[in-house]
Structures are given as structure tokens and as C-alpha cells.
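Here the structure is laid out as C-alpha cells; the discussion comes afterwards.
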Amino acid sequence: MRPLLLNPCISGLAGLLLCAGAAAAAADTKVTKPEAEAMVKKTVAYMKANGREKSFAEINRKGGPFTDRDLYMVAYGKDGVVLAHGANPKMLGKNLMEIKDVDGKAFVKERVEMAKTKASFWQEYKFTNPVSGNIEPKAMYCEGLPDMVVCGGVYLK
């Protein structure tokens, strides 16, 4: 009779393959910067084709087309009011212009200001990851539109 192995990573080719598969699955849980950019572009194109209200409803819909693993879309008015939020519907309609991250960075204010002068940009700050529940470094890709900014980001940890 073979002994029960609690850690398959230490025994034979099958264990090695199982561990490699587990590591690859863990790596797949985080979205990449190119994936975030593509999702923001997809969201903006959808908005242009379908209008604001239908787009906001799709962004806000849990499991909708504008969420992927730890990636979700957010749209802010140029006044800092949340128009759509793919991870936290409690944020809808709130003015977040003065909200700060754990380091004191007024990231929404900075984002809105950047959107006034740049068509697209990356911004870094710290935020709670909806998958892990931890505060993590985040890079947010945003595209500025005439009356709003649409963003989606990646957790860097």
C-alpha cells in the first residue's frame, strides 16, 4: 500500500504536473494591463454604440460583460460622481472627488483632472481588491470622454 501524500508537489511527475497546473491557475486569477486596456476600449465602444443608460446597466450588472476576474469598469462624471461601478453598487451616485487611498492620495480627483487633458492614461494608487479583500497597489487605465471618464484596473501585487 502506498503512503498518502499530503503535498503532491513533492512526489513524481504527476505531482509536478498538478503543482504546475495549480500555479498557472493562480496566475490566471489576475488581469493583465493589456486585458484592462482592451476592456476599457470595449466599454467605451459599447457606450458609443448603445448609449449611457444601457452601458451603465451592463457595467453595474454582476457577472456582466464588463467584469473579468478582478477587473471591473467604473465611470465617473467630470464632477467625481460615480455613474457606474462594476464591483460596488453602493458607490452609484456618490461624489468621490475627495476620497483618498491609504497613502492620502485623492485618486478620483487626480483621475478626473488627468481626464481633462489626456485621452487615455494609467494611474497608480492603492485600493481594496474585490477578490482578495486586501488593500493592494493598483494601476487604473482610463479613457476620458467629453462628460465622463471610464476606467478599469489591475492589481499589481
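By convention here, the chains of the C-alpha cells are called A, B, ... in the order presented, each chain's residues are numbered starting at 1, and ligands are numbered starting at 1 in the order presented.
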Original post:
Leaving out Asp101 (chain A) and any residue of its chain fewer than 5 positions from it, which residues lie within 8 Å of it when counting only C-alpha atoms, given as a PyMOL selection string?
Top reply: chain A and resi 106-107+125-127
May I have the selected residues written with all heavy atoms, as a PDB file, in the first residue's frame?
ATOM      1  N   ALA A 106      -5.661  61.560  -3.270  1.00  0.00           N
ATOM      2  CA  ALA A 106      -7.033  61.809  -3.737  1.00  0.00           C
ATOM      3  C   ALA A 106      -7.126  61.303  -5.179  1.00  0.00           C
ATOM      4  O   ALA A 106      -7.088  62.064  -6.150  1.00  0.00           O
ATOM      5  CB  ALA A 106      -7.365  63.291  -3.637  1.00  0.00           C
ATOM      6  N   PHE A 107      -7.268  59.987  -5.322  1.00  0.00           N
ATOM      7  CA  PHE A 107      -7.124  59.348  -6.625  1.00  0.00           C
ATOM      8  C   PHE A 107      -8.244  59.667  -7.605  1.00  0.00           C
ATOM      9  O   PHE A 107      -7.994  59.764  -8.805  1.00  0.00           O
ATOM     10  CB  PHE A 107      -6.917  57.837  -6.483  1.00  0.00           C
ATOM     11  CG  PHE A 107      -8.028  57.108  -5.787  1.00  0.00           C
ATOM     12  CD1 PHE A 107      -9.068  56.544  -6.493  1.00  0.00           C
ATOM     13  CD2 PHE A 107      -8.016  56.970  -4.395  1.00  0.00           C
ATOM     14  CE1 PHE A 107     -10.082  55.854  -5.852  1.00  0.00           C
ATOM     15  CE2 PHE A 107      -9.028  56.280  -3.742  1.00  0.00           C
ATOM     16  CZ  PHE A 107     -10.075  55.731  -4.476  1.00  0.00           C
ATOM     17  N   TYR A 125      -2.466  53.842  -7.544  1.00  0.00           N
ATOM     18  CA  TYR A 125      -2.911  54.160  -6.190  1.00  0.00           C
ATOM     19  C   TYR A 125      -3.126  52.840  -5.465  1.00  0.00           C
ATOM     20  O   TYR A 125      -2.777  51.783  -5.996  1.00  0.00           O
ATOM     21  CB  TYR A 125      -4.186  55.019  -6.215  1.00  0.00           C
ATOM     22  CG  TYR A 125      -5.385  54.333  -6.838  1.00  0.00           C
ATOM     23  CD1 TYR A 125      -6.448  53.914  -6.049  1.00  0.00           C
ATOM     24  CD2 TYR A 125      -5.455  54.105  -8.205  1.00  0.00           C
ATOM     25  CE1 TYR A 125      -7.549  53.280  -6.601  1.00  0.00           C
ATOM     26  CE2 TYR A 125      -6.550  53.472  -8.769  1.00  0.00           C
ATOM     27  CZ  TYR A 125      -7.591  53.065  -7.965  1.00  0.00           C
ATOM     28  OH  TYR A 125      -8.675  52.437  -8.524  1.00  0.00           O
ATOM     29  N   LYS A 126      -3.683  52.864  -4.276  1.00  0.00           N
ATOM     30  CA  LYS A 126      -3.961  51.628  -3.534  1.00  0.00           C
ATOM     31  C   LYS A 126      -5.460  51.512  -3.305  1.00  0.00           C
ATOM     32  O   LYS A 126      -6.130  52.505  -3.009  1.00  0.00           O
ATOM     33  CB  LYS A 126      -3.203  51.615  -2.211  1.00  0.00           C
ATOM     34  CG  LYS A 126      -1.707  51.513  -2.435  1.00  0.00           C
ATOM     35  CD  LYS A 126      -0.943  51.459  -1.154  1.00  0.00           C
ATOM     36  CE  LYS A 126       0.547  51.368  -1.474  1.00  0.00           C
ATOM     37  NZ  LYS A 126       1.358  51.754  -0.336  1.00  0.00           N
ATOM     38  N   PHE A 127      -5.965  50.273  -3.433  1.00  0.00           N
ATOM     39  CA  PHE A 127      -7.407  50.065  -3.330  1.00  0.00           C
ATOM     40  C   PHE A 127      -7.694  48.631  -2.906  1.00  0.00           C
ATOM     41  O   PHE A 127      -6.869  47.741  -3.076  1.00  0.00           O
ATOM     42  CB  PHE A 127      -8.066  50.351  -4.692  1.00  0.00           C
ATOM     43  CG  PHE A 127      -9.527  50.654  -4.602  1.00  0.00           C
ATOM     44  CD1 PHE A 127      -9.960  51.873  -4.092  1.00  0.00           C
ATOM     45  CD2 PHE A 127     -10.470  49.745  -5.016  1.00  0.00           C
ATOM     46  CE1 PHE A 127     -11.315  52.168  -4.004  1.00  0.00           C
ATOM     47  CE2 PHE A 127     -11.823  50.029  -4.930  1.00  0.00           C
ATOM     48  CZ  PHE A 127     -12.246  51.249  -4.422  1.00  0.00           C
TER      49      PHE A 127
END
Original post:
Can you list, as a list in words, every protein, DNA or RNA residue that comes within 12 Å of Pro137 (chain A) when you count only C-alpha atoms, leaving out same-chain residues fewer than 4 positions away?
Top reply: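 My list of contacting residues is Asp101, Val102, Asp103, Gln123, Glu124, Tyr125, Lys126, Phe127, Thr128, Asn129, Gly153, Val154, Tyr155, Leu156 and Lys157 of chain A.
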Taking 2 positions as the minimum chain separation for residues in the same chain, which residues sit within 9 Å of Val108 (chain A) when counting only C-alpha atoms? Answer as a PDB file with all heavy atoms, in the first residue's frame.
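Heads up, here's the output in result.pdb:
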ATOM      1  N   TYR A  76     -17.020  57.740 -14.046  1.00  0.00           N
ATOM      2  CA  TYR A  76     -17.207  58.923 -13.198  1.00  0.00           C
ATOM      3  C   TYR A  76     -17.588  60.100 -14.087  1.00  0.00           C
ATOM      4  O   TYR A  76     -17.030  60.257 -15.177  1.00  0.00           O
ATOM      5  CB  TYR A  76     -15.901  59.330 -12.498  1.00  0.00           C
ATOM      6  CG  TYR A  76     -15.308  58.309 -11.592  1.00  0.00           C
ATOM      7  CD1 TYR A  76     -14.371  57.406 -12.053  1.00  0.00           C
ATOM      8  CD2 TYR A  76     -15.661  58.259 -10.251  1.00  0.00           C
ATOM      9  CE1 TYR A  76     -13.801  56.467 -11.213  1.00  0.00           C
ATOM     10  CE2 TYR A  76     -15.092  57.324  -9.401  1.00  0.00           C
ATOM     11  CZ  TYR A  76     -14.171  56.432  -9.893  1.00  0.00           C
ATOM     12  OH  TYR A  76     -13.606  55.507  -9.057  1.00  0.00           O
ATOM     13  N   GLY A  80     -16.751  63.972 -10.424  1.00  0.00           N
ATOM     14  CA  GLY A  80     -16.377  62.960  -9.446  1.00  0.00           C
ATOM     15  C   GLY A  80     -17.507  62.053  -8.998  1.00  0.00           C
ATOM     16  O   GLY A  80     -17.303  61.167  -8.177  1.00  0.00           O
ATOM     17  N   LEU A  96     -17.089  61.119  -5.224  1.00  0.00           N
ATOM     18  CA  LEU A  96     -15.873  60.584  -4.603  1.00  0.00           C
ATOM     19  C   LEU A  96     -14.653  61.478  -4.847  1.00  0.00           C
ATOM     20  O   LEU A  96     -13.517  61.037  -4.682  1.00  0.00           O
ATOM     21  CB  LEU A  96     -15.596  59.172  -5.123  1.00  0.00           C
ATOM     22  CG  LEU A  96     -16.696  58.141  -4.869  1.00  0.00           C
ATOM     23  CD1 LEU A  96     -16.271  56.778  -5.379  1.00  0.00           C
ATOM     24  CD2 LEU A  96     -17.079  58.082  -3.406  1.00  0.00           C
ATOM     25  N   MET A  97     -14.892  62.712  -5.230  1.00  0.00           N
ATOM     26  CA  MET A  97     -13.802  63.616  -5.578  1.00  0.00           C
ATOM     27  C   MET A  97     -12.771  63.736  -4.455  1.00  0.00           C
ATOM     28  O   MET A  97     -11.584  63.843  -4.718  1.00  0.00           O
ATOM     29  CB  MET A  97     -14.354  64.991  -5.929  1.00  0.00           C
ATOM     30  CG  MET A  97     -13.354  65.869  -6.626  1.00  0.00           C
ATOM     31  SD  MET A  97     -12.879  65.253  -8.256  1.00  0.00           S
ATOM     32  CE  MET A  97     -13.932  66.236  -9.278  1.00  0.00           C
ATOM     33  N   GLU A  98     -13.203  63.674  -3.208  1.00  0.00           N
ATOM     34  CA  GLU A  98     -12.271  63.868  -2.090  1.00  0.00           C
ATOM     35  C   GLU A  98     -11.809  62.562  -1.443  1.00  0.00           C
ATOM     36  O   GLU A  98     -11.034  62.594  -0.493  1.00  0.00           O
ATOM     37  CB  GLU A  98     -12.905  64.777  -1.031  1.00  0.00           C
ATOM     38  CG  GLU A  98     -13.261  66.163  -1.558  1.00  0.00           C
ATOM     39  CD  GLU A  98     -12.074  66.913  -2.151  1.00  0.00           C
ATOM     40  OE1 GLU A  98     -10.949  66.808  -1.617  1.00  0.00           O
ATOM     41  OE2 GLU A  98     -12.274  67.604  -3.178  1.00  0.00           O
ATOM     42  N   ILE A  99     -12.264  61.410  -1.937  1.00  0.00           N
ATOM     43  CA  ILE A  99     -11.851  60.135  -1.350  1.00  0.00           C
ATOM     44  C   ILE A  99     -10.340  59.955  -1.540  1.00  0.00           C
ATOM     45  O   ILE A  99      -9.785  60.338  -2.562  1.00  0.00           O
ATOM     46  CB  ILE A  99     -12.652  58.950  -1.940  1.00  0.00           C
ATOM     47  CG1 ILE A  99     -12.458  57.699  -1.087  1.00  0.00           C
ATOM     48  CG2 ILE A  99     -12.295  58.693  -3.387  1.00  0.00           C
ATOM     49  CD1 ILE A  99     -13.407  56.571  -1.428  1.00  0.00           C
ATOM     50  N   LYS A 100      -9.711  59.356  -0.517  1.00  0.00           N
ATOM     51  CA  LYS A 100      -8.257  59.162  -0.564  1.00  0.00           C
ATOM     52  C   LYS A 100      -7.922  57.706  -0.299  1.00  0.00           C
ATOM     53  O   LYS A 100      -8.644  57.014   0.421  1.00  0.00           O
ATOM     54  CB  LYS A 100      -7.576  60.054   0.471  1.00  0.00           C
ATOM     55  CG  LYS A 100      -7.749  61.528   0.145  1.00  0.00           C
ATOM     56  CD  LYS A 100      -7.103  62.415   1.165  1.00  0.00           C
ATOM     57  CE  LYS A 100      -7.340  63.868   0.746  1.00  0.00           C
ATOM     58  NZ  LYS A 100      -6.944  64.801   1.760  1.00  0.00           N
ATOM     59  N   LYS A 105      -3.676  59.758  -1.058  1.00  0.00           N
ATOM     60  CA  LYS A 105      -3.789  60.215  -2.440  1.00  0.00           C
ATOM     61  C   LYS A 105      -5.256  60.360  -2.823  1.00  0.00           C
ATOM     62  O   LYS A 105      -6.030  59.410  -2.721  1.00  0.00           O
ATOM     63  CB  LYS A 105      -3.099  59.213  -3.368  1.00  0.00           C
ATOM     64  CG  LYS A 105      -3.083  59.619  -4.817  1.00  0.00           C
ATOM     65  CD  LYS A 105      -2.289  58.596  -5.612  1.00  0.00           C
ATOM     66  CE  LYS A 105      -2.029  59.072  -7.008  1.00  0.00           C
ATOM     67  NZ  LYS A 105      -1.102  58.185  -7.718  1.00  0.00           N
ATOM     68  N   ALA A 106      -5.661  61.560  -3.270  1.00  0.00           N
ATOM     69  CA  ALA A 106      -7.033  61.809  -3.737  1.00  0.00           C
ATOM     70  C   ALA A 106      -7.126  61.303  -5.179  1.00  0.00           C
ATOM     71  O   ALA A 106      -7.088  62.064  -6.150  1.00  0.00           O
ATOM     72  CB  ALA A 106      -7.365  63.291  -3.637  1.00  0.00           C
ATOM     73  N   GLU A 110      -7.521  63.219  -8.865  1.00  0.00           N
ATOM     74  CA  GLU A 110      -6.400  63.144  -9.799  1.00  0.00           C
ATOM     75  C   GLU A 110      -6.846  62.562 -11.142  1.00  0.00           C
ATOM     76  O   GLU A 110      -6.493  63.061 -12.211  1.00  0.00           O
ATOM     77  CB  GLU A 110      -5.287  62.294  -9.196  1.00  0.00           C
ATOM     78  CG  GLU A 110      -4.071  62.147 -10.105  1.00  0.00           C
ATOM     79  CD  GLU A 110      -3.014  61.251  -9.505  1.00  0.00           C
ATOM     80  OE1 GLU A 110      -3.088  60.012  -9.728  1.00  0.00           O
ATOM     81  OE2 GLU A 110      -2.116  61.773  -8.813  1.00  0.00           O
ATOM     82  N   ARG A 111      -7.646  61.521 -11.093  1.00  0.00           N
ATOM     83  CA  ARG A 111      -8.137  60.844 -12.306  1.00  0.00           C
ATOM     84  C   ARG A 111      -8.976  61.792 -13.158  1.00  0.00           C
ATOM     85  O   ARG A 111      -8.797  61.870 -14.378  1.00  0.00           O
ATOM     86  CB  ARG A 111      -8.967  59.636 -11.854  1.00  0.00           C
ATOM     87  CG  ARG A 111      -9.445  58.738 -12.925  1.00  0.00           C
ATOM     88  CD  ARG A 111     -10.128  57.526 -12.326  1.00  0.00           C
ATOM     89  NE  ARG A 111      -9.183  56.809 -11.463  1.00  0.00           N
ATOM     90  CZ  ARG A 111      -9.540  55.990 -10.492  1.00  0.00           C
ATOM     91  NH1 ARG A 111     -10.805  55.768 -10.232  1.00  0.00           N
ATOM     92  NH2 ARG A 111      -8.639  55.379  -9.760  1.00  0.00           N
ATOM     93  N   VAL A 112      -9.893  62.502 -12.518  1.00  0.00           N
ATOM     94  CA  VAL A 112     -10.755  63.439 -13.238  1.00  0.00           C
ATOM     95  C   VAL A 112      -9.910  64.559 -13.859  1.00  0.00           C
ATOM     96  O   VAL A 112     -10.132  64.948 -15.011  1.00  0.00           O
ATOM     97  CB  VAL A 112     -11.858  63.989 -12.309  1.00  0.00           C
ATOM     98  CG1 VAL A 112     -12.585  65.158 -12.944  1.00  0.00           C
ATOM     99  CG2 VAL A 112     -12.850  62.875 -11.953  1.00  0.00           C
ATOM    100  N   GLU A 113      -8.928  65.064 -13.114  1.00  0.00           N
ATOM    101  CA  GLU A 113      -8.049  66.117 -13.647  1.00  0.00           C
ATOM    102  C   GLU A 113      -7.245  65.602 -14.838  1.00  0.00           C
ATOM    103  O   GLU A 113      -7.083  66.309 -15.838  1.00  0.00           O
ATOM    104  CB  GLU A 113      -7.131  66.665 -12.553  1.00  0.00           C
ATOM    105  CG  GLU A 113      -7.855  67.474 -11.497  1.00  0.00           C
ATOM    106  CD  GLU A 113      -8.642  68.653 -12.070  1.00  0.00           C
ATOM    107  OE1 GLU A 113      -8.091  69.399 -12.911  1.00  0.00           O
ATOM    108  OE2 GLU A 113      -9.815  68.818 -11.677  1.00  0.00           O
TER     109      GLU A 113
END
Subject >> Expected answer as an MDAnalysis selection string: alpha helix (DSSP H) residues in chain A >> reply: chainID A and resid 12:27 33:50 52:60 107:117
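Of the residues listed (A:Tyr141, A:Tyr46, A:Phe56, A:Phe66), A:Tyr141 shows the shortest atom-to-atom separation from Thr32 (chain A); distances use only C-alpha atoms.
Relative to CA of Asn95 (chain A), CA of Thr43 (chain A) is found at 21.7 Å.
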Subject >> Residue with smallest distance to Ala36 (chain A) - pool A:Arg69, A:Lys48, A:His85, A:Lys62, counting only C-alpha atoms >> reply: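 Looking only at the distances to Ala36 (chain A), the closest residue turns out to be A:Arg69.
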Original post:
Per DSSP on the backbone, what are the strand (DSSP E or B) residues of region 46-107 of chain A, as JSON, numbers by chain?
Top reply: {"A": [67, 68, 71, 72, 73, 74, 75, 76, 77, 81, 82, 83, 84, 85, 95]}
Using only C-alpha atoms, please write the residues we just selected to a file, as a short mmCIF file (atom, residue, chain, number, x, y, z; two decimals), in the first residue's frame.
data_model
loop_
_atom_site.label_atom_id
_atom_site.label_comp_id
_atom_site.auth_asym_id
_atom_site.auth_seq_id
_atom_site.Cartn_x
_atom_site.Cartn_y
_atom_site.Cartn_z
CA THR A 67 -16.19 42.26 -15.50
CA ASP A 68 -13.46 39.64 -15.67
CA LEU A 71 -11.32 43.57 -13.35
CA TYR A 72 -14.44 45.73 -13.37
CA MET A 73 -15.34 49.02 -15.03
CA VAL A 74 -16.07 52.34 -13.32
CA ALA A 75 -17.44 55.52 -14.89
CA TYR A 76 -17.21 58.92 -13.20
CA GLY A 77 -18.69 62.23 -14.22
CA VAL A 81 -19.86 61.40 -9.18
CA VAL A 82 -19.93 57.63 -9.79
CA LEU A 83 -22.13 56.93 -12.81
CA ALA A 84 -21.45 53.17 -12.98
CA HIS A 85 -19.48 50.75 -10.81
CA ASN A 95 -19.29 62.11 -5.26
#
